[in-house]
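The structure file run_2.txt is reproduced below (compact mmCIF, C-alpha atoms).
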# COMPACT_ATOMS: atom_id res chain seq x y z
CA MET A 277 -44.15 44.98 -40.20
CA ARG A 278 -40.95 44.28 -42.10
CA ILE A 279 -39.02 46.44 -39.59
CA ILE A 280 -40.45 44.44 -36.66
CA SER A 281 -39.49 41.17 -38.33
CA PHE A 282 -35.98 42.42 -38.94
CA LEU A 283 -35.61 43.53 -35.32
CA SER A 284 -36.99 40.22 -34.09
CA ILE A 285 -34.51 38.25 -36.19
CA ALA A 286 -31.65 40.47 -35.02
CA LEU A 287 -32.68 39.97 -31.39
CA LEU A 288 -32.86 36.19 -31.83
CA CYS A 289 -29.42 36.15 -33.45
CA LEU A 290 -28.01 38.18 -30.58
CA LEU A 291 -29.53 35.85 -28.00
CA TYR A 292 -28.31 32.80 -29.88
CA ALA A 293 -24.78 34.19 -30.05
CA CYS A 294 -24.78 34.95 -26.33
CA SER A 295 -25.98 31.49 -25.47
CA ASN A 296 -22.98 29.95 -27.19
CA GLU A 297 -20.34 32.14 -25.59
CA PRO A 298 -18.95 31.94 -22.04
CA SER A 299 -21.27 33.79 -19.71
CA GLU A 300 -19.66 36.55 -17.66
CA SER A 301 -22.42 36.14 -15.08
CA THR A 302 -21.51 32.46 -14.56
CA ASP A 303 -17.88 33.45 -14.06
CA LEU A 304 -18.92 35.98 -11.45
CA LEU A 305 -21.24 33.55 -9.69
CA LEU A 306 -18.53 30.89 -9.62
CA GLN A 307 -15.93 33.36 -8.42
CA ASN A 308 -18.22 34.52 -5.61
CA ALA A 309 -18.92 30.93 -4.56
CA LEU A 310 -15.21 30.15 -4.48
CA MET A 311 -14.41 33.34 -2.58
CA GLU A 312 -16.98 32.37 0.05
CA LYS A 313 -15.76 28.77 0.34
CA GLY A 314 -12.11 29.82 0.24
CA GLY A 315 -12.38 31.90 3.39
CA SER A 316 -9.58 34.39 3.97
CA GLU A 317 -7.56 32.88 1.10
CA GLY A 318 -10.29 33.35 -1.47
CA LEU A 319 -9.50 31.81 -4.85
CA ALA A 320 -5.97 30.99 -3.70
CA HIS A 321 -7.44 28.37 -1.36
CA PHE A 322 -8.05 26.18 -4.44
CA GLU A 323 -4.89 26.91 -6.45
CA LEU A 324 -2.18 24.31 -6.99
CA PRO A 325 1.39 25.67 -7.13
CA ASP A 326 3.89 25.00 -9.87
CA SER A 327 5.66 21.68 -9.40
CA GLU A 328 9.04 23.45 -9.27
CA ASP A 329 7.87 25.97 -6.65
CA TYR A 330 9.02 23.84 -3.73
CA ASN A 331 8.46 26.58 -1.15
CA SER A 332 4.74 26.64 -1.97
CA ILE A 333 4.24 22.86 -1.87
CA PRO A 334 3.28 21.36 1.51
CA GLN A 335 6.18 19.28 2.75
CA ASP A 336 7.34 17.31 5.74
CA PRO A 337 9.76 19.48 7.77
CA LEU A 338 11.80 16.31 8.34
CA ASN A 339 12.13 15.84 4.57
CA PRO A 340 12.55 19.19 2.82
CA ILE A 341 11.93 19.03 -0.92
CA THR A 342 15.08 19.56 -2.99
CA ARG A 343 15.68 19.13 -6.67
CA PRO A 344 18.24 16.30 -6.18
CA LYS A 345 15.69 14.36 -4.09
CA VAL A 346 12.92 14.93 -6.61
CA GLU A 347 15.03 13.81 -9.57
CA LEU A 348 16.25 10.72 -7.69
CA GLY A 349 12.73 9.94 -6.48
CA LYS A 350 11.29 10.21 -10.00
CA LEU A 351 13.71 7.54 -11.18
CA LEU A 352 13.28 5.26 -8.16
CA PHE A 353 9.48 5.48 -8.39
CA HIS A 354 9.61 4.07 -11.93
CA GLU A 355 12.65 1.82 -11.52
CA THR A 356 11.79 -1.82 -12.22
CA ALA A 357 15.32 -2.90 -11.26
CA LEU A 358 14.30 -2.28 -7.63
CA ALA A 359 11.96 -5.30 -7.84
CA SER A 360 14.58 -7.79 -6.70
CA GLU A 361 12.94 -9.43 -3.69
CA GLY A 362 9.70 -10.74 -5.15
CA ASN A 363 8.24 -14.19 -4.64
CA PHE A 364 8.65 -15.34 -8.23
CA VAL A 365 11.60 -15.92 -10.53
CA GLN A 366 9.40 -14.87 -13.45
CA THR A 367 8.77 -11.38 -12.07
CA VAL A 368 12.16 -10.25 -10.76
CA ASN A 369 12.91 -6.75 -12.05
CA THR A 370 9.52 -6.47 -13.78
CA TYR A 371 7.47 -4.05 -11.65
CA SER A 372 7.81 -0.68 -9.94
CA CYS A 373 5.89 1.74 -7.72
CA ALA A 374 4.44 3.05 -10.97
CA SER A 375 2.93 -0.35 -11.79
CA CYS A 376 0.01 0.64 -9.56
CA HIS A 377 0.45 4.43 -9.78
CA HIS A 378 1.28 5.40 -13.36
CA ALA A 379 0.67 8.56 -15.35
CA ASP A 380 -1.59 6.81 -17.89
CA GLY A 381 -4.00 5.94 -15.05
CA GLY A 382 -3.95 9.34 -13.37
CA PHE A 383 -1.28 7.90 -11.06
CA GLN A 384 -3.53 5.08 -9.96
CA ALA A 385 -3.92 1.59 -11.37
CA ASN A 386 -6.23 1.37 -14.36
CA VAL A 387 -7.52 -1.99 -13.10
CA PRO A 388 -9.74 -2.65 -10.05
CA GLN A 389 -6.91 -4.17 -8.04
CA GLY A 390 -3.34 -2.97 -8.51
CA ILE A 391 -0.83 -5.77 -9.18
CA GLY A 392 2.85 -5.61 -8.26
CA ASP A 393 4.88 -8.80 -7.92
CA GLY A 394 3.10 -11.51 -9.91
CA GLY A 395 1.57 -9.29 -12.56
CA MET A 396 2.17 -8.96 -16.27
CA GLY A 397 1.07 -6.87 -19.22
CA PHE A 398 0.08 -3.22 -19.52
CA GLY A 399 -2.10 -2.61 -22.57
CA THR A 400 -2.51 0.99 -23.70
CA THR A 401 -3.18 2.77 -20.40
CA GLY A 402 -2.58 0.00 -17.87
CA GLU A 403 -6.00 -1.57 -18.43
CA ALA A 404 -4.55 -4.91 -19.57
CA ARG A 405 -2.41 -5.75 -16.54
CA PHE A 406 -3.37 -9.17 -15.17
CA PHE A 407 -2.21 -11.98 -12.92
CA ASN A 408 0.69 -14.03 -14.29
CA PRO A 409 -0.69 -17.59 -14.67
CA LEU A 410 2.75 -19.03 -13.85
CA CYS A 411 2.67 -17.45 -10.38
CA ALA A 412 0.93 -19.01 -7.38
CA THR A 413 -2.18 -16.90 -6.88
CA ALA A 414 -1.89 -16.83 -3.09
CA ASP A 415 1.57 -15.21 -3.31
CA ILE A 416 0.78 -12.46 -5.82
CA ASP A 417 1.20 -8.93 -4.46
CA VAL A 418 -2.22 -7.32 -4.43
CA GLN A 419 -4.07 -5.18 -1.91
CA PRO A 420 -7.61 -5.77 -0.55
CA ILE A 421 -8.64 -2.23 -1.53
CA ARG A 422 -8.30 -0.09 -4.66
CA SER A 423 -4.96 1.68 -5.05
CA PRO A 424 -5.45 5.43 -4.44
CA SER A 425 -3.77 8.00 -6.65
CA ILE A 426 -0.57 9.75 -5.60
CA LEU A 427 -1.67 12.83 -7.57
CA ASN A 428 -1.80 15.92 -5.33
CA SER A 429 -0.77 13.82 -2.33
CA ALA A 430 1.18 16.77 -0.91
CA TYR A 431 -2.18 17.94 0.46
CA GLN A 432 -2.66 14.84 2.62
CA THR A 433 -0.88 14.55 5.95
CA ASN A 434 -1.90 10.89 6.22
CA MET A 435 -2.08 8.27 3.51
CA LEU A 436 -4.26 5.32 2.42
CA TRP A 437 -8.04 5.07 2.55
CA ASN A 438 -7.90 4.54 6.33
CA GLY A 439 -5.18 7.14 6.88
CA GLN A 440 -2.92 4.68 8.68
CA PHE A 441 0.38 6.05 7.39
CA GLY A 442 1.85 9.15 9.00
CA ALA A 443 2.88 10.02 12.54
CA THR A 444 1.32 13.49 12.43
CA GLY A 445 -2.05 15.01 11.59
CA VAL A 446 -5.05 12.80 12.34
CA ASN A 447 -2.80 10.02 13.65
CA VAL A 448 -1.64 11.91 16.71
CA GLY A 449 -3.03 9.78 19.54
CA THR A 450 -3.15 6.53 17.55
CA GLU A 451 0.30 5.36 18.65
CA SER A 452 -1.11 2.17 20.15
CA GLN A 453 -2.11 1.09 16.63
CA TRP A 454 1.40 1.38 15.19
CA THR A 455 1.79 -2.37 15.45
CA PRO A 456 5.36 -3.75 15.58
CA ASP A 457 6.39 -6.01 12.68
CA THR A 458 3.71 -4.52 10.42
CA PRO A 459 3.94 -1.67 7.89
CA LYS A 460 2.22 0.60 10.44
CA GLU A 461 5.35 0.42 12.59
CA SER A 462 6.93 2.80 10.08
CA ASN A 463 4.97 5.58 11.78
CA GLN A 464 7.53 5.31 14.56
CA LEU A 465 9.98 7.12 12.26
CA GLY A 466 7.99 10.31 12.85
CA PHE A 467 7.36 11.33 9.24
CA GLU A 468 4.14 12.51 7.59
CA GLY A 469 2.05 10.14 5.52
CA VAL A 470 3.63 10.55 2.08
CA GLU A 471 7.08 9.78 3.48
CA THR A 472 5.90 6.96 5.74
CA GLN A 473 3.99 5.22 2.95
CA ALA A 474 6.94 5.49 0.55
CA ILE A 475 9.34 3.97 3.07
CA ALA A 476 6.95 1.22 4.18
CA GLY A 477 5.89 0.49 0.59
CA LEU A 478 9.38 -0.54 -0.43
CA GLY A 479 9.14 -3.46 1.98
CA VAL A 480 5.45 -4.23 1.52
CA HIS A 481 5.84 -4.51 -2.24
CA ARG A 482 9.03 -6.57 -2.16
CA PHE A 483 11.55 -4.03 -3.42
CA GLY A 484 15.19 -4.62 -2.60
CA LEU A 485 17.54 -1.81 -1.70
CA SER A 486 20.91 -2.20 -0.01
CA ILE A 487 24.41 -0.86 -0.34
CA ASP A 488 25.76 -3.92 -2.16
CA GLN A 489 23.28 -3.88 -5.04
CA ASP A 490 25.08 -3.54 -8.34
CA PHE A 491 22.37 -1.46 -9.99
CA ILE A 492 22.92 1.28 -7.41
CA MET A 493 26.66 1.14 -6.92
CA ASN A 494 27.52 0.70 -10.60
CA THR A 495 25.09 3.18 -12.14
CA GLU A 496 24.43 6.90 -11.79
CA TYR A 497 22.17 6.08 -8.84
CA LYS A 498 25.15 6.14 -6.49
CA GLU A 499 26.01 9.70 -7.46
CA LEU A 500 22.36 10.74 -7.24
CA PHE A 501 22.08 9.31 -3.71
CA ASP A 502 25.36 11.01 -2.78
CA ILE A 503 24.11 14.40 -3.95
CA ALA A 504 20.59 14.10 -2.49
CA PHE A 505 21.70 12.69 0.87
CA ASN A 506 25.22 14.00 1.31
CA ASP A 507 24.59 14.51 5.05
CA VAL A 508 23.60 10.84 5.59
CA PRO A 509 26.30 8.29 6.58
CA ASP A 510 27.34 5.88 3.82
CA GLU A 511 25.95 2.86 5.65
CA GLU A 512 22.46 4.46 5.64
CA ARG A 513 22.57 6.55 2.47
CA TYR A 514 21.50 3.85 0.00
CA ALA A 515 18.89 2.18 2.24
CA ALA A 516 15.10 2.12 2.07
CA ARG A 517 14.69 5.18 4.30
CA SER A 518 16.64 7.48 1.97
CA ALA A 519 14.99 5.96 -1.12
CA GLY A 520 11.55 6.43 0.44
CA LEU A 521 12.28 10.06 1.30
CA ALA A 522 13.39 10.74 -2.27
CA ILE A 523 10.27 9.05 -3.66
CA ALA A 524 8.09 11.09 -1.29
CA ALA A 525 9.76 14.35 -2.35
CA TYR A 526 9.00 13.46 -5.97
CA GLU A 527 5.40 12.47 -5.19
CA ARG A 528 4.77 15.83 -3.54
CA THR A 529 5.59 17.58 -6.82
CA VAL A 530 3.13 15.49 -8.87
CA LEU A 531 0.40 18.13 -9.11
CA ALA A 532 -2.43 18.53 -11.62
CA ASN A 533 -1.67 22.23 -12.00
CA GLN A 534 -2.26 22.37 -15.77
CA SER A 535 -5.95 21.48 -15.68
CA PRO A 536 -8.60 23.85 -17.09
CA PHE A 537 -9.96 24.68 -13.63
CA GLN A 538 -6.49 25.63 -12.40
CA ASN A 539 -6.02 27.81 -15.49
CA TRP A 540 -9.41 29.41 -14.82
CA LEU A 541 -8.38 30.17 -11.24
CA LYS A 542 -5.25 31.86 -12.58
CA GLY A 543 -7.28 34.20 -14.78
CA ASP A 544 -8.03 32.40 -18.05
CA LYS A 545 -11.82 32.54 -17.98
CA SER A 546 -12.02 30.73 -21.33
CA ALA A 547 -10.28 27.63 -19.91
CA LEU A 548 -13.62 26.16 -18.78
CA THR A 549 -16.65 25.75 -21.03
CA GLU A 550 -19.96 27.26 -19.98
CA ASN A 551 -21.25 23.78 -19.14
CA GLN A 552 -18.21 23.08 -16.95
CA LYS A 553 -18.61 26.41 -15.17
CA GLU A 554 -22.22 25.57 -14.39
CA GLY A 555 -21.08 22.18 -13.10
CA ALA A 556 -18.44 23.88 -10.95
CA LEU A 557 -21.08 26.25 -9.62
CA LEU A 558 -23.23 23.27 -8.60
CA PHE A 559 -20.20 21.67 -6.97
CA PHE A 560 -19.12 24.71 -4.97
CA SER A 561 -22.64 25.86 -4.09
CA ASN A 562 -23.67 22.52 -2.58
CA ASN A 563 -22.24 20.10 -0.03
CA CYS A 564 -19.61 18.66 -2.40
CA VAL A 565 -17.14 21.31 -1.28
CA ASP A 566 -17.74 20.53 2.39
CA CYS A 567 -15.47 17.50 1.97
CA HIS A 568 -13.66 18.16 -1.32
CA THR A 569 -11.87 21.41 -0.67
CA GLY A 570 -8.44 23.02 -0.89
CA PRO A 571 -6.07 22.82 -3.88
CA ALA A 572 -6.53 19.05 -4.34
CA LEU A 573 -10.29 19.12 -3.68
CA SER A 574 -9.66 16.60 -0.91
CA SER A 575 -9.51 16.69 2.88
CA MET A 576 -8.26 14.69 5.83
CA GLU A 577 -11.80 13.78 6.82
CA PHE A 578 -13.30 10.30 6.79
CA HIS A 579 -16.88 9.71 5.69
CA GLY A 580 -19.15 6.80 4.91
CA PHE A 581 -21.00 6.63 1.59
CA GLY A 582 -22.03 3.01 1.67
CA PHE A 583 -19.75 1.83 -1.14
CA HIS A 584 -19.18 -1.85 -1.81
CA ASP A 585 -15.81 -3.30 -0.89
CA LEU A 586 -13.34 -4.63 -3.42
CA ARG A 587 -14.46 -8.19 -2.74
CA ASN A 588 -17.70 -7.35 -4.57
CA SER A 589 -15.84 -6.42 -7.75
CA ALA A 590 -14.70 -8.61 -10.61
CA GLN A 591 -11.03 -9.24 -11.48
CA VAL A 592 -9.82 -9.46 -7.89
CA ILE A 593 -8.01 -12.13 -5.90
CA ASN A 594 -6.84 -12.82 -2.36
CA ILE A 595 -9.61 -10.93 -0.59
CA PRO A 596 -10.28 -12.57 2.79
CA SER A 597 -13.83 -12.76 4.09
CA GLU A 598 -12.80 -10.70 7.11
CA TYR A 599 -10.23 -7.95 6.77
CA THR A 600 -9.69 -4.63 8.51
CA GLU A 601 -9.65 -2.55 5.30
CA GLN A 602 -13.38 -3.06 4.84
CA ARG A 603 -13.94 -1.13 8.08
CA GLY A 604 -12.17 1.95 6.75
CA ARG A 605 -10.77 4.28 9.39
CA GLY A 606 -12.20 2.04 12.10
CA GLY A 607 -10.06 -0.84 10.92
CA PHE A 608 -7.01 1.21 11.85
CA THR A 609 -8.12 3.10 14.96
CA GLY A 610 -10.16 0.25 16.46
CA ASN A 611 -12.89 2.79 17.25
CA PRO A 612 -16.35 1.55 16.14
CA ALA A 613 -17.38 5.17 15.55
CA ASP A 614 -14.86 5.22 12.67
CA ASP A 615 -16.18 2.07 11.00
CA TYR A 616 -17.01 2.22 7.28
CA LYS A 617 -15.59 5.72 6.97
CA PHE A 618 -12.96 6.30 4.29
CA LYS A 619 -10.67 9.20 3.56
CA VAL A 620 -11.92 11.87 1.18
CA PRO A 621 -9.94 11.43 -2.08
CA GLN A 622 -8.63 14.08 -4.45
CA LEU A 623 -10.65 14.66 -7.63
CA TYR A 624 -8.21 15.43 -10.45
CA ASN A 625 -7.72 13.22 -13.54
CA LEU A 626 -10.36 10.73 -12.46
CA LYS A 627 -11.28 9.87 -16.03
CA ASP A 628 -7.87 8.29 -16.55
CA SER A 629 -8.99 5.27 -14.52
CA LYS A 630 -12.38 3.69 -15.01
CA PHE A 631 -12.80 2.42 -11.45
CA TYR A 632 -14.14 4.52 -8.59
CA GLY A 633 -14.69 4.12 -4.88
CA HIS A 634 -12.45 2.24 -2.46
CA GLY A 635 -13.97 -0.97 -3.77
CA ALA A 636 -13.88 -0.08 -7.49
CA SER A 637 -17.63 -0.60 -7.58
CA PHE A 638 -18.33 2.13 -10.14
CA ASN A 639 -17.11 2.17 -13.73
CA SER A 640 -17.95 5.75 -14.75
CA LEU A 641 -18.05 9.15 -13.13
CA GLU A 642 -21.67 9.49 -14.18
CA GLU A 643 -22.55 6.36 -12.17
CA LEU A 644 -20.57 7.57 -9.18
CA ILE A 645 -21.98 11.10 -9.08
CA ALA A 646 -25.54 9.92 -9.66
CA TYR A 647 -25.07 7.55 -6.72
CA LYS A 648 -23.67 10.20 -4.39
CA VAL A 649 -26.40 12.77 -5.06
CA LYS A 650 -29.26 10.27 -4.64
CA GLY A 651 -28.20 9.05 -1.20
CA ILE A 652 -29.12 5.35 -1.46
CA PRO A 653 -26.29 3.06 -0.20
CA GLU A 654 -25.27 0.06 -2.29
CA ASN A 655 -23.60 -1.76 0.62
CA LEU A 656 -26.31 -2.82 3.06
CA GLU A 657 -23.70 -3.92 5.60
CA VAL A 658 -22.98 -0.27 6.37
CA PRO A 659 -25.23 0.94 9.24
CA ALA A 660 -27.21 4.11 8.53
CA SER A 661 -25.52 5.68 11.55
CA GLN A 662 -22.17 5.54 9.74
CA LEU A 663 -23.33 7.31 6.59
CA ALA A 664 -22.22 10.89 6.00
CA SER A 665 -24.80 13.64 6.46
CA GLN A 666 -23.79 14.85 2.99
CA PHE A 667 -25.01 11.54 1.54
CA GLN A 668 -28.58 12.52 0.71
CA ASP A 669 -30.97 13.09 -2.15
CA TYR A 670 -30.22 16.51 -3.63
CA GLY A 671 -32.97 16.32 -6.21
CA PHE A 672 -30.50 16.96 -9.03
CA SER A 673 -31.77 16.52 -12.56
CA ASN A 674 -29.94 14.44 -15.15
CA ASN A 675 -28.81 17.73 -16.67
CA ASP A 676 -27.31 18.80 -13.33
CA ILE A 677 -25.50 15.48 -13.02
CA ASN A 678 -24.14 15.81 -16.56
CA LYS A 679 -22.78 19.28 -15.72
CA LEU A 680 -21.09 17.97 -12.57
CA VAL A 681 -19.60 15.10 -14.57
CA ASP A 682 -18.30 17.50 -17.23
CA PHE A 683 -16.63 19.71 -14.61
CA ILE A 684 -15.00 16.84 -12.70
CA GLU A 685 -14.14 14.72 -15.74
CA ASN A 686 -12.86 17.47 -18.01
CA GLY A 687 -12.49 20.67 -15.99
CA LEU A 688 -10.27 18.88 -13.47
CA TYR A 689 -8.26 17.03 -16.10
CA ASP A 690 -4.56 17.76 -16.51
CA PRO A 691 -3.64 16.44 -19.99
CA SER A 692 0.13 16.45 -19.44
CA LEU A 693 0.86 14.04 -16.59
CA LYS A 694 3.51 12.32 -18.69
CA ARG A 695 5.78 15.24 -17.79
CA PHE A 696 6.24 13.57 -14.40
CA GLU A 697 7.79 10.47 -15.96
CA PRO A 698 11.53 10.07 -16.58
CA THR A 699 12.68 9.79 -20.19
CA ALA A 700 14.75 6.70 -19.31
CA LEU A 701 16.03 4.77 -16.29
CA PRO A 702 19.67 4.27 -15.25
CA SER A 703 19.05 0.51 -15.42
CA GLY A 704 17.86 0.80 -19.01
CA ASN A 705 14.74 -1.16 -18.07
CA CYS A 706 11.26 -0.59 -19.41
CA PHE A 707 8.77 1.13 -17.07
CA PRO A 708 6.33 1.10 -15.36
CA ASN A 709 6.55 -2.65 -16.01
CA ASN A 710 9.38 -4.70 -17.48
CA ASP A 711 7.93 -8.15 -18.14
CA ALA A 712 8.01 -9.45 -21.70
CA LEU A 713 4.36 -8.70 -22.45
CA SER A 714 4.54 -5.20 -20.99
CA ARG A 715 7.64 -4.45 -23.04
CA VAL A 716 5.68 -5.31 -26.16
CA ASP A 717 2.69 -3.21 -25.01
CA LEU A 718 4.92 -0.26 -24.13
CA GLY A 719 7.06 -0.49 -27.26
CA CYS A 720 10.28 -1.12 -25.34
CA LEU A 721 11.52 -3.85 -27.69
structure tokens encoding of this file:
Amino acid sequence: MRIISFLSIALLCLLYACSNEPSESTDLLLQNALMEKGGSEGLAHFELPDSEDYNSIPQDPLNPITRPKVELGKLLFHETALASEGNFVQTVNTYSCASCHHADGGFQANVPQGIGDGGMGFGTTGEARFFNPLCATADIDVQPIRSPSILNSAYQTNMLWNGQFGATGVNVGTESQWTPDTPKESNQLGFEGVETQAIAGLGVHRFGLSIDQDFIMNTEYKELFDIAFNDVPDEERYAARSAGLAIAAYERTVLANQSPFQNWLKGDKSALTENQKEGALLFFSNNCVDCHTGPALSSMEFHGFGFHDLRNSAQVINIPSEYTEQRGRGGFTGNPADDYKFKVPQLYNLKDSKFYGHGASFNSLEELIAYKVKGIPENLEVPASQLASQFQDYGFSNNDINKLVDFIENGLYDPSLKRFEPTALPSGNCFPNNDALSRVDLGCL
């Protein structure tokens, strides 16, 4: 009897120990699922390259990635001295591209509506940026849709929620929509989406860039432009096109390649917890991976999930009652079949920003995932015919949802995005914002 008791206790201890260690069987199941979903590439289908491995990063053949471009683009992306053509005296030289796409927010704005010209403050992670009360509200630079992340954007041929930027990929055949005298006209340049958006964004967001600007010609920027674009004539070298191409080259290198899932893919099976592996197995064994695939867990597909628009969220301004962005892809193509369908976003570092969906209508990943796996639309203006087939009730338990959340929130989290920031700017300005309140928040004083 005493022997049986001893054996029973030993068996329980063994089982308990096993239950608290990574399960080899879960690793094998996850690996098999990824091999199946990865097709001929297998696990490599989901791997992000090193940010310095330019040959492995998708790039526009018209804008080859080079180190001089990347280093110049990193500075220009964060340079608040570029903000010289805003609408307000109070905000000249106070904002940058990074105001709405900064490392602390997972390279998106950590507020529902990104604020460029006319904004102030930063807080700890960008959560305290708000509208400058001294600026006329109607003239503040905001967008009628949530700012998407630039993280892993190398894996998107076309940019924005409606995919309107980029002359290639899904926009072949949409030339009639490249409206003159609008940002979409930039597609006429023939570049892919990352490049087109960077070039167009310099004008949209009131950045000034010309050959006679002192902060270029009298700082190291001139030499950096000369090195990066030595084959471009002087009269074009310091213009928005070259600056946009440098910014795009930099953006393509901003990759979440140090996340636990990426480390797991590269052989470190202890990088993910058992709970995260089970969440990943749910993700890759169900319809999630139908849309969220490849190294960025994104795709160039457009689907409807019945999300609210930004106008239904708090802390927003200047949202007209009728605007094309609320129609998603259809607002760009003009095709009713594309209405209410939005581009599939990448999934890394989502916990850095507490707003989800194109309308920022969710405040936690748990809320968002629970919504997507239950299949009940929140926006009743979206016709059922426009909802994705993947938007359905999967019958997931709360435990399943928690595992999915753990995988996406923590397994896909790169903790070192600050490595993509410059240590200082040639202008000496504070970044990503340079207004008085932001300088206090960021410790630049």
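Nearest residue to A:Tyr599 among A:Ala504, A:Ile421, A:Leu338, A:Leu693 is A:Ile421, counting all atoms listed in the file.
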### Task
Work out how far atom CA of A:Ser597 is from atom CA of A:Tyr632, in Å to one decimal.
21.4 Å
### Long-range neighbours of stretch 472-488 of chain A as a ChimeraX atom specification, 8 Å cut-off, all atoms listed in the file, 3 positions minimum in chain
/A:358-362,392-393,417,435,441-442,459-460,462-463,465,467-469,492-493,511,514-517,519-521,523-524
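Distances to A:Lys345 were evaluated for A:Asn308, A:Gln453, A:Ser518, A:Asn611 using all atoms listed in the file, and the minimum falls at A:Ser518.
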Grab all the atoms of stretch 344-359 of chain A that the file lists, wrap them in a box along x, y and z, add 5 Å per side, and give me centre plus edge lengths in Å (one decimal) as AutoDock Vina command-line options.
--center_x 13.9 --center_y 5.5 --center_z -8.2 --size_x 18.8 --size_y 31.6 --size_z 18.1
### Spatial neighbours of A:Ser661, 12 Å, only C-alpha atoms, chain gap at least 2 places, as a list of chain:residue names
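With the cut-off at 12 Å, the set is A:His579, A:Gly580, A:Phe581, A:Gly582, A:Pro612, A:Ala613, A:Asp614, A:Asp615, A:Tyr616, A:Lys617, A:Glu657, A:Val658, A:Pro659, A:Leu663, A:Ala664, A:Ser665, A:Phe667.
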### Task
Return the single residue from A:Phe491, A:Phe407, A:Trp540, A:Tyr526 that is closest to A:Ser429, with distances computed using all atoms listed in the file.
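Ranking A:Phe491, A:Phe407, A:Trp540, A:Tyr526 by distance to A:Ser429, first place goes to A:Tyr526.
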Contacts between stretch 445-450 of chain A and stretch 585-684 of chain A, please, where a residue of stretch 585-684 of chain A counts if it comes within 10 Å (with all atoms listed in the file); show its shortest atom pair and distance in Å to one decimal, rows by chain and ascending number, as CSV.
residue,atom,partner,partner_atom,distance
A:Phe608,CA,A:Thr450,CA,8.7
A:Thr609,CA,A:Thr450,CA,6.6
A:Gly610,CA,A:Thr450,CA,9.5
### Task
Would you list the contacts of stretch 556-563 of chain A as a PyMOL selection string, taking every protein, DNA or RNA residue within 8 Å and counting only C-alpha atoms, but skipping same-chain residues closer than 5 positions in sequence?
chain A and resi 302+305-306+309-310+313+666+676+679-680+683
